[in-house]
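**Student:** Okay, here's the structure, questions in a sec.
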Amino acid sequence: MHGERFYLLDLTLLKTISIILVVLGLSTTMVFEGSDGGALESFAMRIYKVSELLVIPLFVMISGYLHRMTRGEKGPKRRTENEYIRRRSLILLSSYLAFGVLTLCVQVLVGNVSPGEAPLEFLHRILLGVGPYHLWFILMLLWVALSYHYLERIFRNDAHLGLSVLLISVLSTFIPGILLQLKVAGLFLLIYYVGNMIRVLEVRKSSLVSMRSLPVSVLLFLFFLLFFFKVDIVGTFPPPLDNMVVELLRLSTSILGSICVIITFRSLLRNVSAPRRFKRILESVHSHILGIYLFHLPVMLIFFWWTGSIQLPLLWSILLSFAFTLLVSYSLPVIIDMTYHALFGKDSASREAGY
């Protein structure tokens with residue numbers, strides 16, 4: 001039982017790190033926007049492009065792993081699956097819409113909405129994830145959770161479930177560019193399934209998810225990564241097939257990289273005893289991951305508006321915006337949760353979203 005709990009802490013730490021990297025990535029891109037960062041910008045953008053292939057897919061894969069781990073739990077505190085899905089859907093959908101409006105209000109406050117642009121058009125861009133707006137991930141996460149929940153009810157066999165998920169993911173590569181986020185959601189559904197299967201293979205003590213398989217996984221990942229960035233295959237195949245090949249190459253790179261990170265991280269920390277204080281801090285940050293993700297963009301917009309007249313070196317600007325955004329984005333949901341608990345005697349809904 002101790003081992004299961006420690007695995008959960010390991011993966012909780014990885015999920016927390018992935019969200020922190022999202023905040024760092026946005027800090028970097030917003031600092032360099034409209035400026036010439038030279039070698040620092042070139043290096044930062046290379047790191048950002050690599051992390052873009054791994055950070056969110058890693059989060060989704062871990063979510064799939066934890067879904068499989070907790071699916072069989074029973075007890076008075078465990079909700080029925082239907083109630084869990086209903087509550088999670090309500091929380092994520094309401095958060096998606098509410099923070100879309102909040103982000104629009106902040107953009108109007110800081111003067112980023114041009115006089116000739118209608119607020120509803122700007123809100124449409126925010127909700128669709130055009131530009132630096134990451135709220136689409138909330139909608140994508142909801143779509144993946146709902147789709148997987150109902151596919152599990154239809155296909156009881158893991159192999160049949162996997163074939164249906166693979167078919168949906170392949171078909172999603174043909175979705176037009178205007179519906180890009182639906183295309184991403186279809187591919188992330190497969191990543192979520194892979195996370196489930198890692199847990200299944202681990203229970204069966206398969207060597208495919210052990211350190212022995214890591215060298216092969218790393219070599220494959222590096223090969224796909226090098227091929228993805230160095231070889232231009234766009235236009236090599238007919239239009240529908242060309243798009244599918246590019247997306248499957250990206251997907252393969254993301255899956256292999258995420259598997260490498262999970263296996264390595266878990267194996268290295270398997271026998272490490274974390275201090276109790278560290279565990280408490282980690283669990284506190286992780287329980288407010290949804291709040292951190294939702295607040296980070298509005299907070300960062302306010303930070304750059306507030307410090308706009310201050311001329312800071314690029315590196316200091318990145319570090320300060322990252323530290324300020326992370327601190328405030330964590331503090332706000334903590335304050336909200338404490339207030340909610342004081343008023344109603346229970347945790348706020350965001351901590352129960354299963355995020």
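Naming scheme: A, B, ... for chains in displayed order of the structure tokens; residues 1 onward per chain; ligands 1 onward as shown.
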With region 103-127 of chain A as the partner and 8 Å as the cut-off, tabulate the residues of region 249-333 of chain A that qualify, each row holding the nearest pair of atoms and their distance in Å to one decimal, using only C-alpha atoms, sorted by chain and rising number, as a Markdown table.
**Tutor:**
```
| residue | atom | partner | partner_atom | distance |
| --- | --- | --- | --- | --- |
| A:Leu297 | CA | A:Thr103 | CA | 7.5 |
| A:Pro298 | CA | A:Thr103 | CA | 5.5 |
| A:Leu301 | CA | A:Val106 | CA | 7.3 |
| A:Ile302 | CA | A:Val110 | CA | 7.0 |
| A:Trp305 | CA | A:Val110 | CA | 5.9 |
```
**Student:** Which is closest to Leu190 (chain A) among A:Leu66, A:Val60, A:Glu283, A:Ile292, if we use only C-alpha atoms?
**Tutor:** A:Val60
**Student:** Set the distance at 9 Å and use only C-alpha atoms: which residues neighbour region 145-149 of chain A once local chain neighbours fewer than 4 positions away are removed? I'd like the list as number ranges by chain.
**Tutor:** A: 81, 85, 88-89, 140-141, 153, 161, 165, 189, 192-193
**Student:** Counting only C-alpha atoms, which of A:Leu294, A:Val209, A:Ser94, A:Glu247 gets nearest to Ser169 (chain A)?
**Tutor:** A:Glu247
**Student:** Which of these, A:Tyr96, A:Trp143, A:Leu14, A:Ile336, has the shortest distance to Val55 (chain A) once you count only C-alpha atoms?
**Tutor:**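 The shortest atom-to-atom distance to Val55 (chain A) comes from A:Leu14.
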**Student:** Produce a table with one row for each residue of region 251-323 of chain A that has an atom at most 7 Å from any atom of region 18-30 of chain A, each row naming the nearest atom pair and its distance in Å at one decimal; use only C-alpha atoms; arrange rows by chain and rising residue number; format as CSV.
**Tutor:**
```
residue,atom,partner,partner_atom,distance
A:Tyr293,CA,A:Ile19,CA,6.9
A:His296,CA,A:Val23,CA,6.7
A:Ile318,CA,A:Thr28,CA,5.7
A:Ser321,CA,A:Ser27,CA,6.1
A:Phe322,CA,A:Leu24,CA,5.6
```
**Student:** Using only C-alpha atoms, can you tell me which of A:Ile259, A:Val246, A:Leu320, A:Leu58 comes closest to Thr307 (chain A)?
**Tutor:** A:Leu320
